[in-house]
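Below is target-v1.pdb, holding PDB, C-alpha atoms.
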```pdb
ATOM      1  CA  VAL A 239      -5.937  11.906   0.175  1.00  0.00           C
ATOM      2  CA  LEU A 240      -4.337   8.577  -0.773  1.00  0.00           C
ATOM      3  CA  PHE A 241      -5.944   8.673  -4.202  1.00  0.00           C
ATOM      4  CA  GLU A 242      -4.602  12.205  -4.628  1.00  0.00           C
ATOM      5  CA  LYS A 243      -1.085  10.927  -3.935  1.00  0.00           C
ATOM      6  CA  GLN A 244      -1.596   8.356  -6.677  1.00  0.00           C
ATOM      7  CA  ARG A 245      -2.846  10.986  -9.084  1.00  0.00           C
ATOM      8  CA  ALA A 246       0.208  13.124  -8.325  1.00  0.00           C
ATOM      9  CA  VAL A 247       2.457  10.380  -9.694  1.00  0.00           C
ATOM     10  CA  ARG A 248       0.113   9.480 -12.527  1.00  0.00           C
ATOM     11  CA  GLY A 249       2.966   9.204 -15.058  1.00  0.00           C
ATOM     12  CA  HIS A 250       3.965   5.852 -13.567  1.00  0.00           C
ATOM     13  CA  LEU A 251       2.129   3.171 -15.501  1.00  0.00           C
ATOM     14  CA  PRO A 252       2.287  -0.611 -15.737  1.00  0.00           C
ATOM     15  CA  ALA A 253       4.579  -1.817 -18.515  1.00  0.00           C
ATOM     16  CA  VAL A 254       5.124  -5.088 -20.360  1.00  0.00           C
ATOM     17  CA  ASP A 255       8.680  -6.423 -20.348  1.00  0.00           C
ATOM     18  CA  GLU A 256      10.448  -8.334 -23.132  1.00  0.00           C
ATOM     19  CA  ALA A 257       9.246 -11.685 -21.753  1.00  0.00           C
ATOM     20  CA  GLY A 258       5.608 -10.536 -21.610  1.00  0.00           C
ATOM     21  CA  GLY A 259       5.536  -9.993 -17.830  1.00  0.00           C
ATOM     22  CA  LEU A 260       4.072  -6.900 -16.218  1.00  0.00           C
ATOM     23  CA  THR A 261       5.993  -4.319 -14.214  1.00  0.00           C
ATOM     24  CA  TRP A 262       3.892  -2.109 -11.938  1.00  0.00           C
ATOM     25  CA  PRO A 263       4.357   1.006  -9.859  1.00  0.00           C
ATOM     26  CA  VAL A 264       3.450   0.047  -6.273  1.00  0.00           C
ATOM     27  CA  MET A 265       2.577   2.426  -3.448  1.00  0.00           C
ATOM     28  CA  LEU A 266       3.497   1.194   0.029  1.00  0.00           C
ATOM     29  CA  VAL A 267       1.579   2.945   2.806  1.00  0.00           C
ATOM     30  CA  TYR A 268       2.977   3.223   6.337  1.00  0.00           C
ATOM     31  CA  PRO A 269       0.198   4.334   8.700  1.00  0.00           C
ATOM     32  CA  GLU A 270       1.160   6.282  11.787  1.00  0.00           C
ATOM     33  CA  VAL A 271       1.151   3.974  14.794  1.00  0.00           C
ATOM     34  CA  ASP A 272      -0.081   4.635  18.321  1.00  0.00           C
ATOM     35  CA  ALA A 273       1.881   2.684  20.924  1.00  0.00           C
ATOM     36  CA  ALA A 274      -0.759   3.081  23.626  1.00  0.00           C
ATOM     37  CA  SER A 275      -3.665   1.626  21.623  1.00  0.00           C
ATOM     38  CA  ARG A 276      -1.493  -0.627  19.416  1.00  0.00           C
ATOM     39  CA  SER A 277      -3.415   0.688  16.410  1.00  0.00           C
ATOM     40  CA  CYS A 278      -2.664   2.393  13.115  1.00  0.00           C
ATOM     41  CA  SER A 279      -4.115   5.709  12.009  1.00  0.00           C
ATOM     42  CA  SER A 280      -6.320   5.877   8.939  1.00  0.00           C
ATOM     43  CA  ALA A 281      -5.704   9.586   8.533  1.00  0.00           C
ATOM     44  CA  VAL A 282      -1.954   9.991   8.993  1.00  0.00           C
ATOM     45  CA  TYR A 283       0.506   8.016   6.934  1.00  0.00           C
ATOM     46  CA  THR A 284       3.652   8.128   4.807  1.00  0.00           C
ATOM     47  CA  VAL A 285       4.068   6.470   1.428  1.00  0.00           C
ATOM     48  CA  ASP A 286       6.852   5.025  -0.694  1.00  0.00           C
ATOM     49  CA  LEU A 287       6.448   4.689  -4.432  1.00  0.00           C
ATOM     50  CA  LEU A 288       8.274   1.741  -5.946  1.00  0.00           C
ATOM     51  CA  GLU A 289       8.372   2.833  -9.580  1.00  0.00           C
ATOM     52  CA  ALA A 290       8.822  -0.542 -11.278  1.00  0.00           C
ATOM     53  CA  VAL A 291       8.016  -3.822  -9.524  1.00  0.00           C
ATOM     54  CA  HIS A 292       7.846  -6.969 -11.634  1.00  0.00           C
ATOM     55  CA  GLU A 293       4.760  -9.095 -11.094  1.00  0.00           C
ATOM     56  CA  SER A 294       7.013 -11.970  -9.977  1.00  0.00           C
ATOM     57  CA  ALA A 295       8.504  -9.903  -7.108  1.00  0.00           C
ATOM     58  CA  THR A 296       7.422 -11.158  -3.702  1.00  0.00           C
ATOM     59  CA  VAL A 297       6.207  -9.212  -0.706  1.00  0.00           C
ATOM     60  CA  ALA A 298       9.592  -9.919   0.898  1.00  0.00           C
ATOM     61  CA  ASP A 299      11.354  -8.502  -2.187  1.00  0.00           C
ATOM     62  CA  MET A 300       9.319  -5.290  -2.003  1.00  0.00           C
ATOM     63  CA  LEU A 301       9.978  -4.857   1.714  1.00  0.00           C
ATOM     64  CA  ALA A 302      13.696  -5.415   1.146  1.00  0.00           C
ATOM     65  CA  MET A 303      13.681  -2.418  -1.210  1.00  0.00           C
ATOM     66  CA  VAL A 304      12.526  -0.007   1.484  1.00  0.00           C
ATOM     67  CA  LEU A 305      12.779  -1.360   5.033  1.00  0.00           C
ATOM     68  CA  PRO A 306      15.742  -2.144   7.246  1.00  0.00           C
ATOM     69  CA  GLU A 307      16.203  -5.761   8.267  1.00  0.00           C
ATOM     70  CA  GLU A 308      16.382  -5.091  11.999  1.00  0.00           C
ATOM     71  CA  GLU A 309      15.769  -2.136  14.284  1.00  0.00           C
ATOM     72  CA  SER A 310      19.521  -1.628  14.775  1.00  0.00           C
ATOM     73  CA  MET A 311      19.796  -0.411  11.190  1.00  0.00           C
ATOM     74  CA  GLN A 312      18.658   2.921   9.758  1.00  0.00           C
ATOM     75  CA  ARG A 313      14.975   3.592  10.542  1.00  0.00           C
ATOM     76  CA  LEU A 314      12.437   5.171   8.257  1.00  0.00           C
ATOM     77  CA  PRO A 315      12.117   8.856   9.186  1.00  0.00           C
ATOM     78  CA  VAL A 316       8.530   8.307  10.361  1.00  0.00           C
ATOM     79  CA  ASP A 317       9.333   5.206  12.420  1.00  0.00           C
ATOM     80  CA  VAL A 318       9.683   6.752  15.871  1.00  0.00           C
ATOM     81  CA  LEU A 319       8.863   3.447  17.624  1.00  0.00           C
ATOM     82  CA  GLY A 320      11.213   1.295  15.556  1.00  0.00           C
ATOM     83  CA  VAL A 321       8.406  -1.040  14.450  1.00  0.00           C
ATOM     84  CA  PHE A 322       8.812  -0.834  10.671  1.00  0.00           C
ATOM     85  CA  THR A 323      11.433  -3.505  10.026  1.00  0.00           C
ATOM     86  CA  ARG A 324      11.190  -6.388   7.567  1.00  0.00           C
ATOM     87  CA  SER A 325      10.908  -8.970  10.332  1.00  0.00           C
ATOM     88  CA  ARG A 326       8.243  -7.048  12.273  1.00  0.00           C
ATOM     89  CA  VAL A 327       5.632  -6.093   9.671  1.00  0.00           C
ATOM     90  CA  ARG A 328       2.833  -7.603   7.618  1.00  0.00           C
ATOM     91  CA  VAL A 329       1.653  -6.386   4.229  1.00  0.00           C
ATOM     92  CA  ALA A 330      -2.069  -6.017   3.648  1.00  0.00           C
ATOM     93  CA  TYR A 331      -4.635  -4.604   1.303  1.00  0.00           C
ATOM     94  CA  LYS A 332      -8.148  -3.407   1.966  1.00  0.00           C
ATOM     95  CA  LYS A 333     -10.793  -5.522   0.270  1.00  0.00           C
ATOM     96  CA  GLU A 334     -13.004  -3.865  -2.291  1.00  0.00           C
ATOM     97  CA  TRP A 335     -12.118  -0.234  -1.621  1.00  0.00           C
ATOM     98  CA  VAL A 336     -13.254   1.854  -4.535  1.00  0.00           C
ATOM     99  CA  ALA A 337     -13.472   5.421  -5.701  1.00  0.00           C
ATOM    100  CA  VAL A 338     -16.963   6.745  -6.232  1.00  0.00           C
ATOM    101  CA  GLN A 339     -17.310   6.743 -10.017  1.00  0.00           C
ATOM    102  CA  GLU A 340     -19.220  10.043 -10.129  1.00  0.00           C
ATOM    103  CA  SER A 341     -16.367  11.837  -8.380  1.00  0.00           C
ATOM    104  CA  LEU A 342     -13.855  10.578 -10.950  1.00  0.00           C
ATOM    105  CA  GLU A 343     -15.786  11.517 -14.059  1.00  0.00           C
ATOM    106  CA  GLY A 344     -14.652  14.822 -15.459  1.00  0.00           C
ATOM    107  CA  ALA A 345     -12.175  15.518 -12.649  1.00  0.00           C
ATOM    108  CA  SER A 346      -9.061  17.336 -13.780  1.00  0.00           C
ATOM    109  CA  ASP A 347      -5.591  16.550 -12.489  1.00  0.00           C
ATOM    110  CA  ASP A 348      -5.744  19.612 -10.231  1.00  0.00           C
ATOM    111  CA  GLU A 349      -9.100  18.822  -8.622  1.00  0.00           C
ATOM    112  CA  GLU A 350      -9.503  16.975  -5.361  1.00  0.00           C
ATOM    113  CA  VAL A 351     -11.497  13.778  -5.641  1.00  0.00           C
ATOM    114  CA  ASP A 352     -13.678  12.424  -2.839  1.00  0.00           C
ATOM    115  CA  ILE A 353     -12.987   8.790  -2.090  1.00  0.00           C
ATOM    116  CA  ASP A 354     -15.294   6.424  -0.243  1.00  0.00           C
ATOM    117  CA  GLU A 355     -13.960   3.208   1.159  1.00  0.00           C
ATOM    118  CA  VAL A 356     -16.290   0.279   1.433  1.00  0.00           C
ATOM    119  CA  GLU A 357     -16.195  -1.089   4.950  1.00  0.00           C
ATOM    120  CA  GLY A 358     -14.510  -4.430   4.749  1.00  0.00           C
ATOM    121  CA  SER A 359     -11.742  -6.502   6.093  1.00  0.00           C
ATOM    122  CA  TRP A 360      -8.030  -6.498   5.561  1.00  0.00           C
ATOM    123  CA  VAL A 361      -6.313  -9.257   3.640  1.00  0.00           C
ATOM    124  CA  TYR A 362      -2.749 -10.070   4.652  1.00  0.00           C
ATOM    125  CA  ALA A 363      -0.241 -11.293   2.091  1.00  0.00           C
ATOM    126  CA  LYS A 364       2.431 -13.846   2.916  1.00  0.00           C
ATOM    127  CA  PRO A 365       6.105 -12.869   2.454  1.00  0.00           C
ATOM    128  CA  GLY A 366       6.413 -15.322  -0.438  1.00  0.00           C
ATOM    129  CA  ASP A 367       3.303 -14.081  -2.268  1.00  0.00           C
ATOM    130  CA  SER A 368       4.133 -12.417  -5.564  1.00  0.00           C
ATOM    131  CA  LEU A 369       2.702  -9.100  -6.652  1.00  0.00           C
ATOM    132  CA  GLY A 370       1.010 -10.944  -9.515  1.00  0.00           C
ATOM    133  CA  LYS A 371      -0.725 -13.313  -7.083  1.00  0.00           C
ATOM    134  CA  ILE A 372      -1.993 -10.408  -4.985  1.00  0.00           C
ATOM    135  CA  LEU A 373      -3.321  -8.557  -8.021  1.00  0.00           C
ATOM    136  CA  GLN A 374      -5.172 -11.655  -9.221  1.00  0.00           C
ATOM    137  CA  GLN A 375      -7.254 -11.891  -6.040  1.00  0.00           C
ATOM    138  CA  ARG A 376     -10.936 -11.381  -6.805  1.00  0.00           C
ATOM    139  CA  ASP A 377     -11.380  -8.969  -3.902  1.00  0.00           C
ATOM    140  CA  TYR A 378      -8.383  -6.783  -4.760  1.00  0.00           C
ATOM    141  CA  VAL A 379      -9.364  -3.621  -6.604  1.00  0.00           C
ATOM    142  CA  ILE A 380      -6.437  -1.874  -8.290  1.00  0.00           C
ATOM    143  CA  PRO A 381      -7.048   1.868  -7.907  1.00  0.00           C
ATOM    144  CA  LEU A 382      -4.647   3.584 -10.359  1.00  0.00           C
ATOM    145  CA  PHE A 383      -1.887   1.155  -9.476  1.00  0.00           C
ATOM    146  CA  PRO A 384      -1.337  -1.297  -6.605  1.00  0.00           C
ATOM    147  CA  VAL A 385      -1.489   0.048  -3.047  1.00  0.00           C
ATOM    148  CA  LEU A 386      -0.289  -2.116  -0.172  1.00  0.00           C
ATOM    149  CA  TYR A 387      -0.272  -1.225   3.521  1.00  0.00           C
ATOM    150  CA  VAL A 388       2.686  -2.040   5.755  1.00  0.00           C
ATOM    151  CA  ILE A 389       1.292  -2.870   9.202  1.00  0.00           C
ATOM    152  CA  PRO A 390       3.586  -3.528  12.185  1.00  0.00           C
ATOM    153  CA  ASP A 391       3.063  -6.875  13.924  1.00  0.00           C
ATOM    154  CA  ASP A 392       0.760  -6.687  16.941  1.00  0.00           C
ATOM    155  CA  PHE A 393      -0.838  -3.456  15.689  1.00  0.00           C
ATOM    156  CA  LEU A 394      -4.414  -3.173  14.463  1.00  0.00           C
ATOM    157  CA  PRO A 395      -4.768  -1.955  10.869  1.00  0.00           C
ATOM    158  CA  PRO A 396      -6.432   1.401  10.174  1.00  0.00           C
ATOM    159  CA  ALA A 397     -10.124   1.345  11.092  1.00  0.00           C
ATOM    160  CA  ARG A 398     -11.191   2.795   7.771  1.00  0.00           C
TER     161      ARG A 398
END
```

What's the structure tokens form of this structure?
Amino acid sequence: VLFEKQRAVRGHLPAVDEAGGLTWPVMLVYPEVDAASRSCSSAVYTVDLLEAVHESATVADMLAMVLPEEESMQRLPVDVLGVFTRSRVRVAYKKEWVAVQESLEGASDDEEVDIDEVEGSWVYAKPGDSLGKILQQRDYVIPLFPVLYVIPDDFLPPAR
């Protein structure tokens, strides 16, 4: 499903700026949270597409584009618990998640594609980490474009 959301906005591609730096589309994923179990759902989520993020932009810069600073400000429509604020979240990516190559070959834009995620751990980025630093990590696989998960503090990331 997540890969399908990326394919739906396929026209957004990385670009090189005048100084030779890269600008990327970045998908931020907000998993649904369960207050009772303090966990995030792997099946239900909302996404934001940041259409052009320079590789020098930090995690804090990206969060400032989409999240309120404190819970007293405007909440995201999906944030019923008030946990998605800049000061109360961490940004992570799933190590080594990949699409099954056979399912991508010959698939048209209208076809659904099956995605398998390799079981692995989550890697948390620091607020001062740049997008470029994250993308250079050996264990980060860029699907169509960068995908980062926004996980509320004290919540477990999605199990899969």

Explicit residues for the PyMOL selection byres ((chain A and resi 266-281) around 12) (as an MDAnalysis selection string): chainID A and resid 239:241 243:244 263:265 282:289 291 297 300:301 303:305 314:323 327:332 355 383:398

Interatomic distance, CA of Asp377 (chain A) to CA of Ala290 (chain A) (Å, one decimal):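 Computed distance, CA of Asp377 (chain A) to CA of Ala290 (chain A), equals 23.1 Å.
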
Nearest residue to Lys333 (chain A) from the set A:Gly370, A:Pro381, A:Pro306, A:Gly249 (distances using all atoms listed in the file):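 Smallest distance to Lys333 (chain A) is found for A:Pro381.
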
One-decimal distance in Å that lies between CA of His292 (chain A) and CA of Leu369 (chain A):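 Computed distance, CA of Leu369 (chain A) to CA of His292 (chain A), equals 7.5 Å.
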
Distance of CA of Val379 (chain A) from CA of Ala363 (chain A), expressed in Å to one decimal place: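 Value for the CA of Ala363 (chain A)-CA of Val379 (chain A) distance: 14.8 Å.
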
Hits from the PyMOL selection byres ((chain A and resi 255-260) around 6), listed as a ChimeraX atom specification: /A:253-254,261,292-293

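Residues surrounding Asp367 (chain A) within 6 Å are Thr296, Val297, Lys364 and Pro365 of chain A [only C-alpha atoms; sequence separation below 2 positions excluded].
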